[in-house]
>>> print(open('model.cif').read())   # mmCIF, C-alpha atoms
data_final
#
loop_
_atom_site.label_atom_id
_atom_site.label_comp_id
_atom_site.auth_asym_id
_atom_site.auth_seq_id
_atom_site.Cartn_x
_atom_site.Cartn_y
_atom_site.Cartn_z
CA MET A 1 0.00 0.00 0.00
CA GLY A 2 2.94 2.31 0.74
CA GLU A 3 4.32 1.68 -2.76
CA LEU A 4 0.99 2.77 -4.25
CA VAL A 5 1.09 6.06 -2.33
CA ARG A 6 4.72 6.58 -3.32
CA PHE A 7 3.93 6.02 -7.00
CA ILE A 8 1.00 8.45 -7.00
CA ALA A 9 2.94 11.13 -5.10
CA GLN A 10 5.99 10.81 -7.37
CA SER A 11 3.77 11.25 -10.44
CA LEU A 12 2.42 14.54 -9.09
CA VAL A 13 5.40 16.39 -7.61
CA ASP A 14 8.32 18.28 -9.11
CA ASN A 15 10.85 16.59 -6.84
CA PRO A 16 10.06 12.86 -6.95
CA GLU A 17 13.35 11.98 -5.27
CA GLN A 18 12.19 13.79 -2.14
CA VAL A 19 9.04 11.70 -1.74
CA SER A 20 9.22 9.42 1.26
CA VAL A 21 6.68 6.99 2.61
CA ASN A 22 6.58 5.30 5.98
CA GLU A 23 4.15 2.55 6.92
CA VAL A 24 3.07 2.28 10.53
CA GLN A 25 1.39 -1.05 11.22
CA GLY A 26 -1.26 -1.09 13.90
CA GLU A 27 -3.51 -3.90 15.02
CA GLN A 28 -6.53 -2.85 13.02
CA SER A 29 -5.07 -0.21 10.81
CA ILE A 30 -2.12 0.78 8.69
CA ILE A 31 -1.08 4.40 8.67
CA ILE A 32 0.85 5.54 5.64
CA GLU A 33 2.86 8.66 6.32
CA LEU A 34 3.70 10.58 3.18
CA SER A 35 6.20 13.38 3.09
CA VAL A 36 7.29 15.50 0.13
CA ALA A 37 9.50 18.54 -0.45
CA PRO A 38 7.96 21.66 1.19
CA GLU A 39 7.36 23.31 -2.21
CA ASP A 40 5.50 20.19 -3.37
CA MET A 41 3.00 20.15 -0.51
CA GLY A 42 0.36 21.83 -2.64
CA LYS A 43 0.77 19.18 -5.32
CA VAL A 44 -0.28 16.35 -3.00
CA ILE A 45 -2.89 18.29 -1.03
CA GLY A 46 -4.57 20.48 -3.63
CA LYS A 47 -7.18 23.17 -3.31
CA GLN A 48 -9.36 22.35 -0.31
CA GLY A 49 -7.55 19.01 -0.02
CA ARG A 50 -8.96 17.75 -3.29
CA ILE A 51 -5.82 15.88 -4.36
CA ALA A 52 -5.27 14.38 -0.90
CA LYS A 53 -8.88 13.21 -0.95
CA ALA A 54 -8.42 11.57 -4.37
CA ILE A 55 -5.27 9.77 -3.15
CA ARG A 56 -7.16 8.51 -0.08
CA THR A 57 -10.06 7.33 -2.26
CA ILE A 58 -7.71 5.28 -4.47
CA VAL A 59 -5.93 3.81 -1.45
CA LYS A 60 -9.26 2.97 0.18
CA ALA A 61 -10.36 1.11 -2.95
CA ALA A 62 -7.09 -0.81 -3.14
CA ALA A 63 -7.29 -1.68 0.57
CA VAL A 64 -10.74 -3.28 0.37
CA LYS A 65 -9.15 -6.73 0.12
CA GLU A 66 -7.02 -6.16 3.21
CA LYS A 67 -8.73 -6.64 6.52
CA LYS A 68 -7.20 -3.48 7.92
CA LYS A 69 -8.20 0.11 7.59
CA VAL A 70 -5.59 2.11 5.70
CA MET A 71 -5.06 5.78 6.45
CA VAL A 72 -2.91 8.23 4.55
CA GLU A 73 -1.37 11.11 6.44
CA ILE A 74 0.60 13.87 4.83
CA ILE A 75 3.32 15.09 7.15
CA MET B 1 10.78 16.21 -22.88
CA LYS B 2 13.88 15.12 -24.73
CA SER B 3 15.35 17.49 -27.26
CA VAL B 4 18.64 18.30 -29.00
CA GLU B 5 20.07 21.27 -30.86
CA THR B 6 22.00 20.49 -34.01
CA SER B 7 23.53 22.42 -36.86
CA GLY B 8 24.48 21.68 -40.43
CA LYS B 9 25.13 23.30 -43.76
CA THR B 10 21.43 23.10 -44.55
CA VAL B 11 18.33 22.70 -42.40
CA GLU B 12 17.91 19.26 -43.91
CA GLU B 13 21.38 18.23 -42.80
CA ALA B 14 20.72 19.50 -39.27
CA ILE B 15 17.48 17.49 -39.09
CA LEU B 16 19.22 14.32 -40.21
CA MET B 17 21.80 14.89 -37.51
CA ALA B 18 19.05 15.23 -34.87
CA VAL B 19 17.35 12.05 -36.11
CA ALA B 20 20.63 10.19 -35.73
CA GLN B 21 21.33 11.61 -32.27
CA LEU B 22 17.89 10.94 -30.82
CA GLY B 23 17.46 7.61 -32.54
CA VAL B 24 13.78 8.12 -33.42
CA ARG B 25 11.89 8.44 -36.69
CA ARG B 26 11.68 11.87 -38.24
CA ASP B 27 7.86 12.12 -37.98
CA ASN B 28 8.18 11.67 -34.22
CA LEU B 29 10.08 14.94 -33.97
CA ASN B 30 8.97 18.54 -33.68
CA ILE B 31 11.47 20.69 -35.56
CA GLU B 32 12.06 24.31 -34.68
CA ILE B 33 14.44 26.34 -36.82
CA ILE B 34 16.66 28.54 -34.69
CA GLU B 35 18.87 29.89 -37.45
CA GLN B 36 18.51 29.75 -41.23
CA PRO B 37 21.76 29.06 -43.05
CA ALA B 38 23.36 31.97 -44.89
CA LYS B 39 25.65 31.55 -47.88
CA ARG B 40 29.14 32.89 -47.67
CA LEU B 41 29.75 36.03 -49.65
CA PHE B 42 32.12 35.35 -52.60
CA GLY B 43 32.75 32.03 -50.92
CA ILE B 44 34.95 33.63 -48.25
CA ILE B 45 33.30 36.17 -45.96
CA GLY B 46 30.73 35.27 -43.30
CA GLY B 47 28.43 32.33 -43.80
CA LYS B 48 26.29 30.70 -41.18
CA SER B 49 25.24 27.15 -40.65
CA ALA B 50 21.63 26.10 -40.11
CA LYS B 51 20.65 25.55 -36.51
CA ILE B 52 17.59 23.66 -35.34
CA ARG B 53 16.06 22.27 -32.19
CA ALA B 54 14.42 18.85 -32.46
CA THR B 55 12.06 17.67 -29.70
CA ILE B 56 10.60 14.20 -29.44
CA LYS B 57 6.79 14.37 -29.74
CA ARG B 58 4.86 13.07 -26.77
CA ASN B 59 2.79 10.01 -27.20
CA ILE B 60 0.06 10.87 -24.71
CA LYS B 61 -1.89 7.69 -25.33
CA ASP B 62 1.09 5.58 -24.33
CA GLU B 63 1.84 7.78 -21.33
CA VAL B 64 -1.74 7.45 -20.06
CA LYS B 65 -1.70 3.70 -20.57
CA GLU B 66 1.63 3.32 -18.81
CA PHE B 67 0.55 5.48 -15.87
CA LEU B 68 -2.68 3.54 -15.34
CA SER B 69 -1.14 0.11 -15.77
CA LYS B 70 1.50 0.92 -13.15
CA LEU B 71 -1.17 2.31 -10.84
CA PHE B 72 -3.29 -0.84 -11.22
CA THR B 73 -0.26 -3.04 -10.53
CA PHE B 74 0.26 -1.22 -7.23
CA MET B 75 -3.48 -1.43 -6.51
CA ASN B 76 -3.40 -5.14 -7.31
CA VAL B 77 -6.26 -4.76 -9.79
CA GLU B 78 -6.32 -6.35 -13.22
CA ALA B 79 -7.83 -4.21 -15.94
CA LYS B 80 -7.56 -4.00 -19.68
CA ILE B 81 -6.84 -0.41 -20.71
CA THR B 82 -7.97 0.94 -24.08
CA VAL B 83 -7.02 4.50 -24.96
CA THR B 84 -8.41 6.50 -27.87
CA GLU B 85 -7.79 10.11 -28.78
CA ASP B 86 -9.75 12.81 -30.56
CA ASP B 87 -9.29 16.56 -30.89
CA SER B 88 -10.87 17.50 -27.59
CA LYS B 89 -10.04 14.62 -25.27
CA ILE B 90 -8.29 11.35 -24.48
CA MET B 91 -10.80 8.61 -23.77
CA VAL B 92 -9.83 5.67 -21.57
CA ARG B 93 -11.97 2.55 -21.29
CA LEU B 94 -11.26 -0.01 -18.61
CA SER B 95 -12.53 -3.56 -18.59
CA GLY B 96 -12.01 -6.56 -16.36
CA GLN B 97 -13.38 -8.55 -13.44
CA ASN B 98 -13.21 -6.02 -10.67
CA MET B 99 -14.61 -2.87 -12.23
CA GLY B 100 -17.05 -2.22 -9.37
CA LEU B 101 -14.02 -1.60 -7.20
CA LEU B 102 -12.70 1.00 -9.64
CA ILE B 103 -16.06 2.76 -9.87
CA GLY B 104 -16.73 3.04 -6.13
CA TYR B 105 -19.68 4.66 -4.41
CA ARG B 106 -21.43 6.94 -6.94
CA GLY B 107 -18.33 6.80 -9.12
CA GLU B 108 -16.07 8.40 -6.51
CA THR B 109 -13.14 6.04 -7.20
CA LEU B 110 -13.48 6.48 -10.96
CA ASP B 111 -13.52 10.26 -10.49
CA ALA B 112 -10.43 10.13 -8.24
CA LEU B 113 -8.66 7.97 -10.81
CA GLN B 114 -9.57 10.38 -13.59
CA TYR B 115 -8.55 13.44 -11.57
CA LEU B 116 -5.12 12.05 -10.61
CA THR B 117 -4.46 10.85 -14.17
CA ASN B 118 -5.23 14.33 -15.52
CA LEU B 119 -2.84 15.89 -13.00
CA ALA B 120 -0.02 13.41 -13.59
CA ILE B 121 -0.18 13.53 -17.39
CA ASN B 122 -0.58 17.32 -17.65
CA LYS B 123 2.02 18.09 -14.99
CA ASP B 124 4.86 19.32 -17.19
CA SER B 125 3.07 20.29 -20.36
CA GLU B 126 1.89 23.68 -21.53
CA GLU B 127 -1.21 22.44 -23.31
CA TYR B 128 -3.85 20.78 -21.17
CA ARG B 129 -5.25 17.51 -22.49
CA ARG B 130 -8.52 16.39 -20.95
CA ILE B 131 -8.60 12.72 -20.03
CA ILE B 132 -11.90 10.90 -19.46
CA ILE B 133 -11.87 7.48 -17.80
CA ASP B 134 -14.87 5.19 -18.08
CA THR B 135 -15.67 1.57 -17.42
CA GLU B 136 -18.68 -0.55 -18.31
CA GLU B 137 -20.37 2.55 -19.75
CA TYR B 138 -20.69 3.88 -16.18
CA ARG B 139 -20.49 7.52 -17.22
CA SER B 140 -23.05 7.31 -20.01
CA LYS B 141 -25.44 5.33 -17.81
CA ARG B 142 -25.03 7.84 -15.00
CA GLU B 143 -25.67 10.66 -17.46
CA GLU B 144 -28.89 8.97 -18.58
CA THR B 145 -29.98 8.54 -14.94
CA LEU B 146 -29.29 12.21 -14.18
CA ARG B 147 -31.20 13.39 -17.25
CA ARG B 148 -34.22 11.35 -16.27
CA LEU B 149 -33.99 12.60 -12.68
CA ALA B 150 -33.77 16.21 -13.89
CA LYS B 151 -36.89 15.88 -16.05
CA ARG B 152 -38.88 14.15 -13.33
CA LEU B 153 -37.96 16.76 -10.72
CA ALA B 154 -38.69 19.61 -13.13
CA ASN B 155 -42.22 18.29 -13.55
CA LYS B 156 -42.61 18.10 -9.81
CA VAL B 157 -41.38 21.68 -9.35
CA GLN B 158 -43.76 22.82 -12.06
CA LYS B 159 -46.73 21.15 -10.32
CA THR B 160 -45.97 22.09 -6.72
CA ARG B 161 -44.32 25.46 -7.55
CA LYS B 162 -41.80 24.67 -4.81
CA SER B 163 -38.03 24.67 -5.42
CA ILE B 164 -36.09 21.44 -5.11
CA VAL B 165 -32.47 21.25 -3.94
CA LEU B 166 -30.59 18.23 -5.30
CA GLU B 167 -27.89 16.32 -3.47
CA PRO B 168 -24.28 17.56 -3.82
CA MET B 169 -22.74 16.71 -7.19
CA ASN B 170 -19.46 17.31 -8.94
CA PRO B 171 -19.25 19.99 -11.67
CA TYR B 172 -19.61 17.44 -14.46
CA GLU B 173 -22.81 16.02 -13.04
CA ARG B 174 -24.26 19.46 -12.26
CA ARG B 175 -23.64 20.47 -15.85
CA ILE B 176 -25.72 17.52 -17.04
CA ILE B 177 -28.67 18.71 -14.92
CA HIS B 178 -28.32 22.33 -16.08
CA SER B 179 -28.04 21.39 -19.75
CA THR B 180 -31.00 18.98 -19.59
CA LEU B 181 -33.27 21.75 -18.28
CA GLN B 182 -31.81 24.82 -19.97
CA ASN B 183 -34.64 25.00 -22.53
CA HIS B 184 -37.39 24.00 -20.15
CA PRO B 185 -40.29 26.46 -20.50
CA ASN B 186 -41.26 26.68 -16.82
CA VAL B 187 -38.24 26.05 -14.58
CA ILE B 188 -34.74 27.46 -14.17
CA THR B 189 -31.70 25.89 -12.52
CA TYR B 190 -28.75 27.30 -10.63
CA SER B 191 -26.10 26.01 -8.21
CA GLU B 192 -25.51 27.02 -4.63
CA GLY B 193 -23.04 26.20 -1.85
CA ASP B 194 -19.31 25.53 -2.00
CA GLU B 195 -17.40 22.63 -3.49
CA PRO B 196 -17.48 19.75 -2.81
CA TYR B 197 -21.03 20.24 -1.50
CA ARG B 198 -22.31 22.42 -4.31
CA LYS B 199 -25.89 21.56 -5.23
CA VAL B 200 -28.23 22.26 -8.10
CA VAL B 201 -31.53 24.02 -7.32
CA ILE B 202 -34.53 23.69 -9.62
CA LYS B 203 -37.00 26.55 -9.31
CA VAL B 204 -40.12 27.79 -11.15
CA LYS B 205 -39.53 30.61 -13.59
#
>>> encode(input="model.cif", output="structure tokens")
Amino acid sequence: MGELVRFIAQSLVDNPEQVSVNEVQGEQSIIIELSVAPEDMGKVIGKQGRIAKAIRTIVKAAAVKEKKKVMVEII
Amino acid sequence: MKSVETSGKTVEEAILMAVAQLGVRRDNLNIEIIEQPAKRLFGIIGGKSAKIRATIKRNIKDEVKEFLSKLFTFMNVEAKITVTEDDSKIMVRLSGQNMGLLIGYRGETLDALQYLTNLAINKDSEEYRRIIIDTEEYRSKREETLRRLAKRLANKVQKTRKSIVLEPMNPYERRIIHSTLQNHPNVITYSEGDEPYRKVVIKVK
């Protein structure tokens, strides 16, 4: 799931080499922490969080098969 | 985008040089002439060689296909991707076993997919190419549903003379409602509220 988030983020930003993803495994959930270069923040969040919401929607669809809830946090 | 600058005695020679350097066919290149060649005066004074810039043309259809197939690999979804292109848009059709998953509730996953693909493909280019993603005719069926809903509600508004506020819709869906009723003799439509909760209102004229 982390690789999916990394791929999407790298396709959107100007500095793909500065995209980093960290997966935190919990008992019932997985938290995916995404960080990008400061100047690329807007490219993964978007106006009123529209891009972030689209990323979360895709991840949610991909995570249906997993038993755990997957959350994406942009840090 | 990959490009080179080359020069030669003639423009033709410079182009051939670019073709050789980039290793692609000539019709896959955009050629821009930077300097026309000038003949030397009396064969001795001055003289300039031709200078051009050759840029490899984008193949948007392939880029879209590659982006989506990678995305689906990471999502662990199998889908056949068919891309067609016309003057106004790039049309993507997906087919496979698990298309319900890619559509999502009221098409939200399909919309997210389409939005991110548009952003990724148009990221570095000056001209914006609109990409539409559909599967199992979802978009045309949804359009049909919305048109029927619009007509039914317009009749109701006409009878009761009370306005009706529809549920929040995205701009594309709101436009379908507006355009269905734009020539209706007795009702008008407008939108109110802020994205993503903007709603269409149908009201008597």
>>> closest_residue(input="model.cif", among="A:Glu33, A:Met71, A:Ala54, A:Val64", to="chain B", atoms="only C-alpha atoms")
A:Ala54
>>> interface_residues(input="model.cif", of="chain B", to="chain A", cutoff="8 Å", atoms="all atoms listed in the file", output="list in words")
Leu71, Phe74, Met75, Asn76, Val77, Leu101, Leu102, Gly104, Glu108, Thr109, Ala112, Leu113, Tyr115, Leu116, Leu119, Ala120 and Lys123 of chain B
>>> atom_distance(input="model.cif", atom1="atom CA of B:Tyr128", atom2="atom CA of A:Met41")
21.8 Å
>>> residues_around(input="model.cif", residues="stretch 87-93 of chain B", least_positions_apart="4", cutoff="10 Å", atoms="all atoms listed in the file", output="list of chain:residue names")
B:Ile60, B:Lys61, B:Val64, B:Lys65, B:Leu68, B:Ala79, B:Lys80, B:Ile81, B:Thr82, B:Val83, B:Gln114, B:Asn118, B:Tyr128, B:Arg129, B:Arg130, B:Ile131, B:Ile132, B:Ile133, B:Asp134, B:Thr135, B:Glu136, B:Glu137
>>> atom_distance(input="model.cif", atom1="atom CA of B:Ala18", atom2="atom CA of B:Glu127")
24.4 Å
>>> residues_near_point(input="model.cif", point="(19.8, 26.5, -36.9)", cutoff="7 Å", atoms="all atoms listed in the file", output="list of chain:residue names")
B:Ser7, B:Val11, B:Ile33, B:Ile34, B:Glu35, B:Gln36, B:Pro37, B:Ser49, B:Ala50, B:Lys51, B:Ile52
>>> residues_around(input="model.cif", residues="B:Val165", least_positions_apart="3", cutoff="10 Å", atoms="all atoms listed in the file", output="NGL selection string")
:B and (153 or 162 or 168 or 189-192 or 199-203)
>>> atom_distance(input="model.cif", atom1="atom CA of A:Asn22", atom2="atom CA of A:Glu39")
19.8 Å
>>> resolve_selection(input="model.cif", expression="the PyMOL selection byres ((chain A and resi 36) around 6)", output="PDB file with C-alpha atoms, in the coordinates of the input")
ATOM      1  CA  GLN A  18      12.190  13.790  -2.140  1.00  0.00           C
ATOM      2  CA  VAL A  19       9.040  11.700  -1.740  1.00  0.00           C
ATOM      3  CA  SER A  35       6.200  13.380   3.090  1.00  0.00           C
ATOM      4  CA  ALA A  37       9.500  18.540  -0.450  1.00  0.00           C
TER       5      ALA A  37
END
>>> resolve_selection(input="model.cif", expression="the PyMOL selection byres ((chain B and resi 142) around 12)", output="number ranges by chain")
B: 103, 106-107, 134-141, 143-149, 172-174, 176-177
>>> residues_around(input="model.cif", residues="B:Ile15", least_positions_apart="3", cutoff="9 Å", atoms="all atoms listed in the file", output="MDAnalysis selection string")
chainID B and resid 6:8 10:12 18:20 26 31 52:54
>>> resolve_selection(input="model.cif", expression="the PyMOL selection byres ((chain A and resi 30) around 9)", output="ChimeraX atom specification")
/A:1,23-29,31-32,68-72
>>> axis_aligned_box(input="model.cif", around="stretch 9-16 of chain A", padding_each_side="4 Å", output="JSON")
{"center_x": 6.6, "center_y": 14.5, "center_z": -7.8, "size_x": 16.4, "size_y": 15.5, "size_z": 13.3}
>>> closest_residue(input="model.cif", among="B:Ala150, B:Asp62, B:Lys39, B:Asp86", to="B:Thr180", atoms="only C-alpha atoms")
B:Ala150
>>> decode(input="model.cif", residues="stretch 23-39 of chain A", atoms="N, CA, C and O atoms", output="CSV table (one decimal), in the first residue's frame")
chain,number,residue,atom,x,y,z
A,23,GLU,N,5.3,3.3,6.5
A,23,GLU,CA,4.1,2.6,6.9
A,23,GLU,C,4.2,2.2,8.4
A,23,GLU,O,5.1,1.6,8.9
A,24,VAL,N,3.2,2.6,9.1
A,24,VAL,CA,3.1,2.3,10.5
A,24,VAL,C,2.0,1.2,10.7
A,24,VAL,O,0.8,1.5,10.5
A,25,GLN,N,2.4,0.0,11.1
A,25,GLN,CA,1.4,-1.1,11.2
A,25,GLN,C,0.8,-1.0,12.6
A,25,GLN,O,1.5,-1.1,13.6
A,26,GLY,N,-0.5,-1.0,12.6
A,26,GLY,CA,-1.3,-1.1,13.9
A,26,GLY,C,-2.0,-2.4,13.9
A,26,GLY,O,-1.9,-3.2,13.0
A,27,GLU,N,-2.8,-2.6,15.0
A,27,GLU,CA,-3.5,-3.9,15.0
A,27,GLU,C,-4.6,-4.0,14.0
A,27,GLU,O,-4.8,-5.0,13.3
A,28,GLN,N,-5.4,-2.9,13.9
A,28,GLN,CA,-6.5,-2.9,13.0
A,28,GLN,C,-6.3,-1.9,11.9
A,28,GLN,O,-7.2,-1.8,11.0
A,29,SER,N,-5.2,-1.2,11.9
A,29,SER,CA,-5.1,-0.2,10.8
A,29,SER,C,-3.6,-0.1,10.4
A,29,SER,O,-2.7,-0.5,11.1
A,30,ILE,N,-3.4,0.4,9.2
A,30,ILE,CA,-2.1,0.8,8.7
A,30,ILE,C,-2.1,2.3,8.4
A,30,ILE,O,-3.0,2.8,7.8
A,31,ILE,N,-1.2,3.0,9.0
A,31,ILE,CA,-1.1,4.4,8.7
A,31,ILE,C,0.1,4.6,7.7
A,31,ILE,O,1.2,4.1,7.9
A,32,ILE,N,-0.2,5.2,6.6
A,32,ILE,CA,0.9,5.5,5.6
A,32,ILE,C,1.2,7.0,5.8
A,32,ILE,O,0.4,7.9,5.5
A,33,GLU,N,2.4,7.3,6.2
A,33,GLU,CA,2.9,8.7,6.3
A,33,GLU,C,3.6,9.1,5.1
A,33,GLU,O,4.6,8.5,4.7
A,34,LEU,N,3.1,10.1,4.4
A,34,LEU,CA,3.7,10.6,3.2
A,34,LEU,C,4.4,11.9,3.4
A,34,LEU,O,3.8,12.8,4.0
A,35,SER,N,5.6,12.0,3.0
A,35,SER,CA,6.2,13.4,3.1
A,35,SER,C,6.9,13.7,1.8
A,35,SER,O,7.4,12.9,1.1
A,36,VAL,N,6.8,15.0,1.4
A,36,VAL,CA,7.3,15.5,0.1
A,36,VAL,C,8.1,16.8,0.4
A,36,VAL,O,8.0,17.3,1.5
A,37,ALA,N,8.8,17.3,-0.6
A,37,ALA,CA,9.5,18.5,-0.4
A,37,ALA,C,8.5,19.6,-0.1
A,37,ALA,O,7.4,19.6,-0.6
A,38,PRO,N,8.9,20.6,0.8
A,38,PRO,CA,8.0,21.7,1.2
A,38,PRO,C,7.3,22.3,0.0
A,38,PRO,O,6.0,22.6,0.1
A,39,GLU,N,8.0,22.6,-1.1
A,39,GLU,CA,7.4,23.3,-2.2
A,39,GLU,C,6.4,22.4,-3.0
A,39,GLU,O,5.6,22.9,-3.8
